[in-house]
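So this block is work.txt, compact mmCIF, C-alpha atoms:
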```txt
# COMPACT_ATOMS: atom_id res chain seq x y z
CA MET Y 15 -177.41 67.32 -93.99
CA SER Y 16 -175.23 68.96 -96.57
CA PRO Y 17 -171.81 70.15 -95.46
CA ILE Y 18 -171.29 73.94 -95.54
CA SER Y 19 -169.17 74.94 -98.54
CA ARG Y 20 -166.44 77.12 -97.03
CA GLY Y 21 -166.61 80.61 -98.47
CA PHE Y 22 -169.69 80.04 -100.61
CA THR Y 23 -172.37 82.72 -100.42
CA GLY Y 24 -174.22 82.18 -103.68
CA ARG Y 25 -175.55 84.78 -106.08
CA ARG Y 26 -179.25 84.90 -105.47
CA ARG Y 27 -181.11 87.04 -107.92
CA PRO Y 28 -183.39 89.37 -105.99
CA ALA Y 29 -185.81 89.64 -108.91
CA ASP Y 30 -186.75 85.98 -108.69
CA ASP Y 31 -189.74 84.99 -106.64
CA PRO Y 32 -188.37 82.08 -104.62
CA SER Y 33 -191.84 80.59 -104.27
CA ARG Y 34 -191.79 79.89 -108.02
CA LEU Y 35 -188.45 78.06 -108.06
CA PRO Y 36 -188.59 74.37 -107.10
CA PRO Y 37 -185.79 73.07 -104.85
CA GLY Y 38 -182.35 73.03 -106.48
CA GLN Y 39 -183.41 75.15 -109.48
CA TYR Y 40 -182.09 78.52 -110.65
CA SER Y 41 -183.78 81.02 -112.91
CA GLU Y 42 -182.51 81.18 -116.48
CA ARG Y 43 -183.19 84.10 -118.83
CA GLY Y 44 -182.12 82.30 -122.00
CA PHE Y 45 -183.63 79.12 -123.37
CA PRO Y 46 -181.05 76.33 -123.20
CA VAL Y 47 -181.26 73.40 -125.61
CA LEU Y 48 -180.82 69.77 -124.58
CA SER Y 49 -181.32 66.67 -126.66
CA ALA Y 50 -179.72 63.27 -127.00
CA GLY Y 51 -179.30 63.20 -130.78
CA PRO Y 52 -179.56 65.19 -134.00
CA THR Y 53 -182.53 67.52 -134.50
CA PRO Y 54 -185.06 65.89 -136.87
CA HIS Y 55 -186.58 67.93 -139.70
CA THR Y 56 -189.84 66.33 -140.79
CA PRO Y 57 -191.52 68.22 -143.66
CA LEU Y 58 -194.95 69.50 -142.62
CA ASP Y 59 -196.66 67.64 -145.47
CA GLU Y 60 -195.36 64.40 -143.97
CA TRP Y 61 -196.26 65.38 -140.42
CA SER Y 62 -199.32 64.02 -138.63
CA PHE Y 63 -200.29 63.55 -135.02
CA LEU Y 64 -201.58 60.14 -133.91
CA ILE Y 65 -203.49 58.94 -130.87
CA ASP Y 66 -203.31 55.15 -130.67
CA GLY Y 67 -202.68 52.25 -128.29
CA VAL Y 68 -205.56 50.83 -126.21
CA VAL Y 69 -208.23 52.90 -127.92
CA GLU Y 70 -211.35 51.86 -129.75
CA ALA Y 71 -210.20 53.61 -132.90
CA PRO Y 72 -206.93 55.49 -133.48
CA VAL Y 73 -207.26 59.13 -134.50
CA SER Y 74 -204.80 61.22 -136.49
CA TRP Y 75 -204.56 64.76 -137.79
CA PRO Y 76 -202.36 66.03 -140.60
CA TRP Y 77 -200.59 69.35 -139.90
CA GLU Y 78 -203.24 71.65 -141.42
CA GLU Y 79 -206.04 69.91 -139.54
CA PHE Y 80 -204.04 69.98 -136.34
CA LEU Y 81 -203.71 73.76 -136.64
CA GLY Y 82 -207.49 73.89 -137.05
CA LEU Y 83 -208.16 72.28 -133.67
CA PRO Y 84 -209.22 74.61 -130.85
CA ALA Y 85 -205.99 76.08 -129.48
CA GLU Y 86 -205.06 77.68 -126.18
CA THR Y 87 -202.36 80.17 -125.27
CA VAL Y 88 -200.80 79.54 -121.87
CA THR Y 89 -198.08 81.22 -119.83
CA VAL Y 90 -196.28 78.76 -117.57
CA ASP Y 91 -193.00 78.17 -115.71
CA ILE Y 92 -190.81 75.34 -116.98
CA HIS Y 93 -188.22 73.37 -115.04
CA CYS Y 94 -185.35 71.35 -116.54
CA VAL Y 95 -183.74 68.53 -114.59
CA THR Y 96 -180.34 70.10 -115.40
CA LYS Y 97 -181.29 72.78 -112.80
CA TRP Y 98 -182.53 75.72 -114.87
CA SER Y 99 -186.05 77.01 -114.69
CA LYS Y 100 -187.57 79.58 -117.00
CA LEU Y 101 -190.46 81.61 -115.68
CA ASP Y 102 -193.40 82.99 -117.66
CA THR Y 103 -192.94 81.17 -120.95
CA THR Y 104 -195.82 81.57 -123.41
CA TRP Y 105 -196.96 78.78 -125.68
CA LYS Y 106 -199.79 78.13 -128.09
CA GLY Y 107 -201.07 74.66 -128.75
CA VAL Y 108 -203.82 72.11 -128.41
CA SER Y 109 -204.75 70.82 -124.98
CA VAL Y 110 -204.30 67.07 -124.50
CA ASP Y 111 -207.90 67.14 -123.19
CA THR Y 112 -209.02 68.30 -126.63
CA LEU Y 113 -206.99 65.57 -128.36
CA LEU Y 114 -208.51 62.88 -126.15
CA GLU Y 115 -212.09 64.13 -126.52
CA GLY Y 116 -214.25 61.26 -127.65
CA VAL Y 117 -211.41 58.72 -127.30
CA GLU Y 118 -212.70 55.65 -125.46
CA THR Y 119 -209.89 54.04 -123.47
CA PRO Y 120 -209.25 52.00 -120.34
CA ALA Y 121 -205.64 53.35 -120.30
CA ALA Y 122 -204.05 54.87 -117.21
CA TYR Y 123 -200.75 55.87 -118.88
CA LEU Y 124 -199.38 57.00 -122.17
CA THR Y 125 -196.11 57.06 -124.04
CA ALA Y 126 -195.37 60.18 -126.03
CA TRP Y 127 -193.19 59.36 -129.04
CA SER Y 128 -191.23 61.63 -131.31
CA ASP Y 129 -189.41 61.91 -134.60
CA GLY Y 130 -185.88 60.71 -133.94
CA GLY Y 131 -187.05 57.88 -131.67
CA TYR Y 132 -187.42 59.71 -128.34
CA THR Y 133 -190.10 58.46 -125.96
CA THR Y 134 -191.34 59.47 -122.52
CA ASN Y 135 -194.05 58.04 -120.29
CA VAL Y 136 -196.62 59.90 -118.21
CA ALA Y 137 -199.70 58.97 -116.23
CA LEU Y 138 -202.90 60.02 -117.97
CA GLU Y 139 -203.90 62.03 -114.93
CA ASP Y 140 -200.68 64.07 -115.29
CA VAL Y 141 -201.66 65.26 -118.78
CA THR Y 142 -205.44 65.71 -118.50
CA GLY Y 143 -207.52 68.30 -116.69
CA GLY Y 144 -205.78 71.32 -118.27
CA LYS Y 145 -202.24 70.19 -117.43
CA ALA Y 146 -200.68 69.48 -120.83
CA TRP Y 147 -200.64 70.67 -124.44
CA VAL Y 148 -199.13 69.84 -127.80
CA ALA Y 149 -197.55 73.22 -128.49
CA TYR Y 150 -196.55 74.61 -131.88
CA GLU Y 151 -195.85 78.25 -131.05
CA TYR Y 152 -193.45 79.73 -128.53
CA ASP Y 153 -193.58 83.42 -127.67
CA GLY Y 154 -195.86 84.11 -130.63
CA GLU Y 155 -193.59 82.47 -133.22
CA PRO Y 156 -193.61 79.00 -134.78
CA LEU Y 157 -191.67 76.67 -132.50
CA GLU Y 158 -188.07 76.35 -133.72
CA PRO Y 159 -186.73 72.88 -134.54
CA GLU Y 160 -184.03 73.00 -131.83
CA HIS Y 161 -186.73 73.68 -129.24
CA GLY Y 162 -188.89 70.83 -130.54
CA GLY Y 163 -190.72 72.26 -133.55
CA PRO Y 164 -192.90 71.79 -135.41
CA ALA Y 165 -194.65 70.62 -132.22
CA ARG Y 166 -193.68 69.45 -128.77
CA LEU Y 167 -195.52 68.13 -125.78
CA LEU Y 168 -195.79 70.68 -122.97
CA VAL Y 169 -196.25 69.30 -119.44
CA PRO Y 170 -194.99 72.22 -117.36
CA HIS Y 171 -195.68 70.75 -113.93
CA LEU Y 172 -193.15 67.94 -114.55
CA TYR Y 173 -189.42 68.19 -115.38
CA PHE Y 174 -189.03 69.30 -118.96
CA TRP Y 175 -187.74 66.00 -120.38
CA LYS Y 176 -191.40 64.88 -120.12
CA SER Y 177 -192.28 67.65 -122.59
CA ALA Y 178 -191.15 65.58 -125.58
CA LYS Y 179 -189.72 67.58 -128.47
CA TRP Y 180 -190.77 66.72 -132.06
CA VAL Y 181 -193.75 64.80 -130.68
CA ARG Y 182 -195.79 62.86 -133.23
CA GLY Y 183 -198.16 60.86 -131.14
CA LEU Y 184 -199.48 59.60 -127.84
CA THR Y 185 -199.79 55.83 -127.38
CA LEU Y 186 -202.22 55.00 -124.59
CA THR Y 187 -201.20 52.06 -122.42
CA LEU Y 188 -202.62 50.02 -119.57
CA ASP Y 189 -199.23 49.70 -117.87
CA ASP Y 190 -196.61 52.32 -117.15
CA GLU Y 191 -193.77 51.73 -119.63
CA PRO Y 192 -190.56 53.71 -118.94
CA GLY Y 193 -189.43 55.92 -121.82
CA PHE Y 194 -185.96 57.00 -122.97
CA TRP Y 195 -184.53 58.93 -120.01
CA GLU Y 196 -186.65 56.93 -117.58
CA THR Y 197 -184.69 53.79 -118.56
CA TYR Y 198 -181.39 55.69 -118.16
CA GLY Y 199 -181.82 56.37 -114.47
CA TYR Y 200 -184.06 59.41 -114.43
CA HIS Y 201 -187.15 59.45 -112.24
CA ASN Y 202 -190.29 57.83 -113.57
CA ARG Y 203 -192.61 60.75 -112.74
CA GLY Y 204 -190.32 63.78 -112.41
CA ASP Y 205 -192.17 66.23 -110.15
CA PRO Y 206 -189.80 69.22 -109.71
CA TRP Y 207 -191.47 70.31 -106.46
CA LEU Y 208 -190.63 66.92 -104.95
CA GLU Y 209 -187.20 67.10 -106.65
CA GLN Y 210 -187.80 63.76 -108.36
CA ARG Y 211 -184.72 63.96 -110.60
CA TYR Y 212 -183.33 60.47 -110.55
CA GLN Y 213 -184.52 56.97 -109.69
CA GLY Y 214 -184.85 56.62 -105.95
CA ASP Y 215 -185.71 60.30 -105.31
CA MET T 25 -160.75 67.71 -102.80
CA ALA T 26 -157.30 66.27 -103.25
CA GLU T 27 -155.81 68.68 -105.74
CA LEU T 28 -156.53 71.49 -108.21
CA VAL T 29 -154.83 71.32 -111.58
CA PRO T 30 -154.97 74.42 -113.80
CA GLU T 31 -155.57 73.34 -117.41
CA THR T 32 -155.91 76.70 -119.18
CA ALA T 33 -156.49 80.30 -118.06
CA ARG T 34 -160.21 79.63 -117.51
CA VAL T 35 -160.30 75.89 -116.92
CA THR T 36 -159.29 73.90 -113.87
CA SER T 37 -159.46 70.20 -113.03
CA LEU T 38 -160.65 69.15 -109.58
CA VAL T 39 -159.02 65.91 -108.47
CA LEU T 40 -161.26 64.21 -105.93
CA ASP T 41 -160.76 61.60 -103.26
CA LEU T 42 -164.07 59.77 -103.12
CA PRO T 43 -164.22 57.00 -100.59
CA GLY T 44 -167.03 54.60 -101.50
CA TRP T 45 -167.35 55.88 -105.09
CA PRO T 46 -169.34 53.19 -106.96
CA GLY T 47 -167.42 53.75 -110.21
CA HIS T 48 -168.63 55.38 -113.39
CA ARG T 49 -168.79 54.87 -117.13
CA ALA T 50 -166.94 57.10 -119.56
CA GLY T 51 -169.14 60.08 -120.48
CA GLN T 52 -171.21 60.28 -117.30
CA HIS T 53 -171.56 63.38 -115.11
CA VAL T 54 -172.10 64.32 -111.49
CA ASP T 55 -174.20 66.95 -109.75
CA VAL T 56 -172.23 69.26 -107.50
CA ARG T 57 -174.12 70.96 -104.67
CA LEU T 58 -172.83 73.97 -102.75
CA THR T 59 -174.38 75.07 -99.46
CA ALA T 60 -173.98 78.56 -97.96
CA GLU T 61 -173.95 79.08 -94.19
CA ASP T 62 -177.56 80.25 -94.24
CA GLY T 63 -178.63 77.05 -95.98
CA TYR T 64 -178.91 78.50 -99.51
CA GLN T 65 -177.90 75.88 -102.07
CA ALA T 66 -176.87 75.87 -105.71
CA GLN T 67 -176.40 72.80 -107.89
CA ARG T 68 -174.84 72.27 -111.31
CA SER T 69 -173.84 69.28 -113.41
CA TYR T 70 -170.22 68.61 -114.43
CA SER T 71 -168.86 65.92 -116.72
CA ILE T 72 -166.34 63.46 -115.36
CA ALA T 73 -163.00 63.88 -117.11
CA SER T 74 -161.27 60.78 -115.78
CA ALA T 75 -161.61 57.21 -117.03
CA PRO T 76 -163.30 54.57 -114.88
CA GLU T 77 -159.84 53.00 -114.48
CA ASP T 78 -158.17 56.16 -113.17
CA GLU T 79 -157.19 56.35 -109.53
CA HIS T 80 -159.06 59.60 -108.87
CA VAL T 81 -162.33 60.99 -110.11
CA VAL T 82 -161.56 64.24 -111.92
CA LEU T 83 -164.00 67.02 -112.84
CA THR T 84 -162.86 69.67 -115.26
CA VAL T 85 -164.60 73.01 -114.77
CA GLU T 86 -164.66 76.05 -117.02
CA ARG T 87 -165.02 79.30 -115.11
CA LEU T 88 -168.08 81.05 -116.53
CA GLN T 89 -168.06 84.84 -116.40
CA ASP T 90 -171.48 85.16 -114.83
CA GLY T 91 -171.51 81.78 -113.21
CA GLU T 92 -172.63 81.07 -109.68
CA VAL T 93 -170.97 77.72 -109.07
CA SER T 94 -168.00 77.53 -111.46
CA PRO T 95 -166.19 80.66 -110.13
CA TYR T 96 -166.42 79.15 -106.64
CA LEU T 97 -165.02 75.81 -107.80
CA VAL T 98 -162.16 77.42 -109.71
CA ASP T 99 -161.27 80.38 -107.47
CA VAL T 100 -162.31 79.58 -103.91
CA LEU T 101 -162.12 75.84 -103.44
CA ARG T 102 -158.83 74.50 -102.04
CA ALA T 103 -157.27 71.10 -101.57
CA GLY T 104 -158.71 69.53 -98.43
CA ASP T 105 -162.14 71.17 -98.77
CA GLU T 106 -165.21 69.00 -98.75
CA LEU T 107 -167.45 68.92 -101.81
CA GLU T 108 -170.93 67.43 -101.94
CA LEU T 109 -171.69 65.55 -105.11
CA ARG T 110 -174.11 63.05 -106.47
CA GLY T 111 -173.61 60.53 -109.20
CA PRO T 112 -172.62 59.10 -111.52
CA ILE T 113 -175.57 60.28 -113.64
CA GLY T 114 -176.55 59.65 -117.25
CA GLY T 115 -176.47 56.45 -119.23
CA TYR T 116 -176.80 57.46 -122.87
CA PHE T 117 -173.85 59.75 -123.60
CA VAL T 118 -171.56 56.93 -122.55
CA TRP T 119 -169.03 54.84 -124.41
CA GLU T 120 -167.67 51.47 -123.39
CA GLU T 121 -165.91 48.70 -125.23
CA SER T 122 -169.08 46.68 -125.91
CA LEU T 123 -170.41 49.55 -128.06
CA GLY T 124 -167.50 49.07 -130.46
CA GLY T 125 -166.43 51.56 -133.06
CA PRO T 126 -164.99 53.18 -134.97
CA LEU T 127 -165.30 55.69 -132.18
CA VAL T 128 -165.64 59.28 -133.39
CA LEU T 129 -165.51 62.13 -130.88
CA ILE T 130 -166.41 65.70 -131.87
CA GLY T 131 -165.84 68.29 -129.16
CA GLY T 132 -166.22 72.06 -128.97
CA GLY T 133 -164.62 74.03 -126.12
CA SER T 134 -165.12 72.45 -122.72
CA GLY T 135 -167.34 69.88 -124.45
CA VAL T 136 -164.13 67.89 -124.79
CA VAL T 137 -164.33 66.86 -121.11
CA PRO T 138 -166.53 63.73 -121.35
CA LEU T 139 -164.78 62.81 -124.62
CA ARG T 140 -161.45 62.83 -122.80
CA SER T 141 -162.90 60.32 -120.31
CA MET T 142 -163.83 58.12 -123.29
CA LEU T 143 -160.34 58.47 -124.81
CA ARG T 144 -158.66 57.48 -121.56
CA HIS T 145 -161.04 54.54 -121.25
CA TRP T 146 -160.24 53.57 -124.84
CA VAL T 147 -156.50 53.55 -124.11
CA THR T 148 -156.85 51.05 -121.29
CA THR T 149 -159.45 48.76 -122.87
CA SER T 150 -159.91 48.98 -126.60
CA ARG T 151 -156.87 49.95 -128.57
CA ALA T 152 -157.95 47.65 -131.43
CA VAL T 153 -160.93 49.95 -132.11
CA PRO T 154 -160.07 52.98 -134.24
CA VAL T 155 -160.72 56.29 -132.51
CA ARG T 156 -160.72 59.80 -133.93
CA LEU T 157 -161.14 63.06 -132.05
CA LEU T 158 -161.89 66.42 -133.62
CA TYR T 159 -161.58 69.20 -131.07
CA SER T 160 -162.54 72.77 -131.85
CA SER T 161 -161.21 75.53 -129.64
CA ARG T 162 -160.78 79.27 -129.87
CA SER T 163 -157.00 79.23 -129.64
CA TRP T 164 -154.07 76.90 -128.98
CA ASN T 165 -153.80 78.25 -125.43
CA GLU T 166 -157.38 77.30 -124.72
CA VAL T 167 -156.98 73.66 -125.74
CA ILE T 168 -157.67 71.62 -122.61
CA TYR T 169 -155.47 68.50 -122.00
CA ARG T 170 -153.28 69.66 -124.89
CA ASP T 171 -150.15 67.60 -124.25
CA GLU T 172 -152.13 64.49 -123.46
CA LEU T 173 -154.27 64.78 -126.59
CA VAL T 174 -151.30 65.50 -128.85
CA GLY T 175 -149.65 62.41 -127.43
CA TYR T 176 -152.41 59.99 -128.46
CA SER T 177 -151.76 60.28 -132.19
CA ALA T 178 -148.05 59.73 -131.65
CA ALA T 179 -148.42 56.78 -129.29
CA HIS T 180 -151.26 54.81 -130.87
CA ALA T 181 -151.55 53.78 -134.52
CA ARG T 182 -155.34 53.62 -134.34
CA ALA T 183 -155.83 57.00 -132.67
CA GLY T 184 -156.19 60.22 -134.62
CA VAL T 185 -156.49 63.58 -132.91
CA ARG T 186 -157.16 66.74 -134.90
CA PHE T 187 -157.60 70.30 -133.77
CA ALA T 188 -159.61 73.15 -135.24
CA LEU T 189 -158.82 76.66 -133.97
CA THR T 190 -161.43 79.31 -134.63
CA ARG T 191 -159.91 82.65 -133.51
CA GLU T 192 -156.14 82.49 -133.47
CA TRP T 193 -153.53 79.91 -134.19
CA PRO T 194 -149.76 79.72 -133.78
CA GLN T 195 -147.44 79.99 -136.72
CA GLY T 196 -146.91 76.59 -138.26
CA PHE T 197 -150.17 75.18 -136.88
CA THR T 198 -151.08 72.31 -139.18
CA GLY T 199 -154.66 71.67 -138.07
CA HIS T 200 -157.87 73.22 -139.34
CA THR T 201 -158.28 76.98 -138.98
CA GLY T 202 -161.71 78.56 -138.62
CA ARG T 203 -164.97 76.93 -137.68
CA ILE T 204 -165.47 73.27 -138.44
CA THR T 205 -166.94 72.45 -141.84
CA ARG T 206 -168.97 69.66 -143.31
CA GLU T 207 -165.96 68.52 -145.31
CA LEU T 208 -163.81 68.33 -142.21
CA LEU T 209 -166.48 66.26 -140.45
CA ALA T 210 -166.74 63.95 -143.47
CA ASP T 211 -163.03 63.35 -143.23
CA VAL T 212 -162.96 62.75 -139.49
CA ALA T 213 -166.08 60.56 -139.31
CA GLY T 214 -165.14 58.50 -142.36
CA ALA T 215 -167.58 56.70 -144.63
CA PRO T 216 -171.08 56.06 -143.21
CA ASP T 217 -170.61 52.41 -144.34
CA GLY T 218 -168.07 52.09 -141.54
CA ARG T 219 -170.96 52.66 -139.07
CA PRO T 220 -168.98 54.75 -136.61
CA ILE T 221 -170.51 55.57 -133.25
CA ILE T 222 -170.28 59.34 -132.91
CA TYR T 223 -170.34 61.52 -129.79
CA VAL T 224 -170.77 65.27 -130.18
CA CYS T 225 -170.41 67.60 -127.20
CA GLY T 226 -170.13 71.37 -127.09
CA PRO T 227 -172.16 74.58 -127.14
CA THR T 228 -175.60 74.32 -128.76
CA GLY T 229 -174.74 75.96 -132.09
CA PHE T 230 -171.71 73.71 -132.49
CA VAL T 231 -173.65 70.55 -131.65
CA GLU T 232 -176.59 71.47 -133.88
CA ALA T 233 -174.32 72.16 -136.86
CA ALA T 234 -172.15 69.08 -136.40
CA ALA T 235 -175.06 66.68 -135.85
CA GLU T 236 -176.96 68.08 -138.82
CA TRP T 237 -173.97 67.72 -141.15
CA LEU T 238 -173.31 64.18 -139.95
CA VAL T 239 -176.92 63.22 -140.80
CA GLU T 240 -176.59 64.90 -144.21
CA LEU T 241 -173.39 62.95 -144.82
CA GLY T 242 -175.35 59.74 -144.36
CA HIS T 243 -174.60 58.77 -140.78
CA ALA T 244 -177.54 57.12 -139.00
CA PRO T 245 -179.16 59.53 -136.49
CA GLY T 246 -179.29 56.67 -134.00
CA ARG T 247 -175.47 56.41 -134.11
CA ILE T 248 -175.01 60.10 -133.21
CA ARG T 249 -175.20 60.93 -129.53
CA THR T 250 -175.16 64.55 -128.45
CA GLU T 251 -174.66 66.50 -125.29
CA ARG T 252 -174.75 70.26 -124.83
CA PHE T 253 -172.11 71.68 -122.59
CA GLY T 254 -170.85 74.94 -121.21
CA PRO T 255 -172.76 78.16 -120.73
CA THR T 256 -176.47 77.92 -121.36
CA GLY T 257 -177.35 79.69 -124.58
CA SER T 258 -180.52 81.35 -125.72
```
Encoded form using structure tokens:
Amino acid sequence: MSPISRGFTGRRRPADDPSRLPPGQYSERGFPVLSAGPTPHTPLDEWSFLIDGVVEAPVSWPWEEFLGLPAETVTVDIHCVTKWSKLDTTWKGVSVDTLLEGVETPAAYLTAWSDGGYTTNVALEDVTGGKAWVAYEYDGEPLEPEHGGPARLLVPHLYFWKSAKWVRGLTLTLDDEPGFWETYGYHNRGDPWLEQRYQGD
Amino acid sequence: MAELVPETARVTSLVLDLPGWPGHRAGQHVDVRLTAEDGYQAQRSYSIASAPEDEHVVLTVERLQDGEVSPYLVDVLRAGDELELRGPIGGYFVWEESLGGPLVLIGGGSGVVPLRSMLRHWVTTSRAVPVRLLYSSRSWNEVIYRDELVGYSAAHARAGVRFALTREWPQGFTGHTGRITRELLADVAGAPDGRPIIYVCGPTGFVEAAAEWLVELGHAPGRIRTERFGPTGS
């Protein structure tokens, strides 16, 4: 039980639908930026997206080909472990299902890796079945570098550190291998509705 | 809550008595959770301002105009009140002696808070390692920990503290005036050959600009650790 904070009433925003805010989150109108190091700027002619790891044959797409893949536009709520949530964000990108089409693999997990060295791990079942995208547009505009452009992973049903900015590939793995924040004490799965913020939650 | 210490007009330090505190590393933060009588809760993260060696854990909080938690912490909370917190949290934006140096700290506004924890830790453990702090603030009156920071340069041969004031500055101010520049960063960070480990903390625009310039100047991206701080931007 939490102690009552004497004199604290809070400033609930009546416009927010509480059923859409996971426990401990507040609704943010802006779009805060968080990252552990400098923003990388990879020229698009050097950019490609790679699926590798325990696969029969790795696949990769240069930028122009990636844009040619069937894309989807989705409107989703996102939840950052630093307590803000942003409702109704609109993204355009390629579904992870599309990227994995025809990929033969015994993998149960994958590590998303990014320019700048960031990594994050997710279970395959958390990013397939219409649950994740590699997004390159936000709100109808090309995704800005500070928000992860040219492309970022989008896994809206998990805390947003799983939605790796500047993503360049997915490495399929047999075992679950903790990524960057997961080795620094953050939760391995990160389900906001279960408030899985840190290890032990 | 043991004590409240006003730092500037908008910034207050909360000095905490934490029985059973497991200890922290310089640069880590805590989550503070407030609970209203009807059970409504609000949580925010705050950097720890004290060194691991300090007697008390200190949080330094900037009162945000439209904030939900910070106005409560600064205006309502009193010595003797109970505060629920969780931590320490975070393991990357952390400096300890084994990471070596030169240690370069670049802070904007209340982004100086975790850097101050690192400086205090440096004083008690690592005075052989060179340390340099560049701290950008709007005005001299808004410089947090001003006397303490000014004192480091005077007391320690290997410590250099420099201020940049962006809006107003007192007559005779000898630091940098205006926003930080690439040239100023080059000077503070030193040659990339020296392989400094660099911590940048502040509002997003400040952090983006500083980190980008440091990379352009030749510093390895892997040696630059960033943390955004203060009001959430757009």
Atom CA of Leu38 of chain T to atom CA of Ser141 of chain T measures 14.1 Å
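Atom CA of Leu64 of chain Y is found 29.3 Å from atom CA of Lys100 of chain Y.
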Could you work out which residues of chain Y fall inside 6 Å of chain T? Count all atoms listed in the file, and format the result as a compact mmCIF listing (two decimals) with C-alpha atoms, in the coordinates of the input.
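What follows is the written file selection-v5.txt:
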```
# COMPACT_ATOMS: atom_id res chain seq x y z
CA ILE Y 18 -171.29 73.94 -95.54
CA SER Y 19 -169.17 74.94 -98.54
CA PHE Y 22 -169.69 80.04 -100.61
CA THR Y 23 -172.37 82.72 -100.42
CA ARG Y 25 -175.55 84.78 -106.08
CA GLY Y 44 -182.12 82.30 -122.00
CA PHE Y 45 -183.63 79.12 -123.37
CA PRO Y 46 -181.05 76.33 -123.20
CA ALA Y 50 -179.72 63.27 -127.00
CA GLY Y 51 -179.30 63.20 -130.78
CA PRO Y 52 -179.56 65.19 -134.00
CA TYR Y 198 -181.39 55.69 -118.16
```
Name the closest residue to Glu78 of chain Y among the candidates Y:Asp205, Y:Ala126, Y:Pro164, Y:Asp102; distances are taken between atoms, counting only C-alpha atoms.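 Using only C-alpha atoms, Glu78 of chain Y sits closest to Y:Pro164.
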Between T:Pro154, T:Pro216, T:Gly47, T:Gly132, which has the minimum distance to Pro112 of chain T (counting all atoms listed in the file)?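 Residue with the minimum atom-to-atom distance to Pro112 of chain T: T:Gly47.
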Nearest to Trp164 of chain T, chosen from T:Val98, T:Ala33, T:Ala26, T:Leu143, with all atoms listed in the file counted in the distances: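 Smallest separation from Trp164 of chain T among the options: T:Ala33.
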Quick test: take segment 141-159 of chain Y, keep C-alpha atoms, and write it as a PDB file, in the first residue's frame.
```
ATOM      1  CA  VAL Y 141       6.085  -8.662 -33.085  1.00  0.00           C
ATOM      2  CA  THR Y 142       4.054 -10.924 -35.400  1.00  0.00           C
ATOM      3  CA  GLY Y 143       0.334 -11.162 -36.032  1.00  0.00           C
ATOM      4  CA  GLY Y 144      -0.140  -7.447 -36.814  1.00  0.00           C
ATOM      5  CA  LYS Y 145       1.606  -6.187 -33.665  1.00  0.00           C
ATOM      6  CA  ALA Y 146       4.740  -4.467 -34.993  1.00  0.00           C
ATOM      7  CA  TRP Y 147       6.041  -2.394 -37.895  1.00  0.00           C
ATOM      8  CA  VAL Y 148       9.218  -0.806 -39.184  1.00  0.00           C
ATOM      9  CA  ALA Y 149       7.905   2.743 -39.511  1.00  0.00           C
ATOM     10  CA  TYR Y 150       9.342   5.508 -41.689  1.00  0.00           C
ATOM     11  CA  GLU Y 151       6.593   8.120 -41.514  1.00  0.00           C
ATOM     12  CA  TYR Y 152       5.063   9.824 -38.502  1.00  0.00           C
ATOM     13  CA  ASP Y 153       1.925  11.924 -38.856  1.00  0.00           C
ATOM     14  CA  GLY Y 154       2.250  11.921 -42.634  1.00  0.00           C
ATOM     15  CA  GLU Y 155       5.842  13.192 -42.687  1.00  0.00           C
ATOM     16  CA  PRO Y 156       9.179  11.389 -42.999  1.00  0.00           C
ATOM     17  CA  LEU Y 157      10.265  10.296 -39.532  1.00  0.00           C
ATOM     18  CA  GLU Y 158      12.673  12.858 -38.052  1.00  0.00           C
ATOM     19  CA  PRO Y 159      16.122  11.678 -36.955  1.00  0.00           C
TER      20      PRO Y 159
END
```
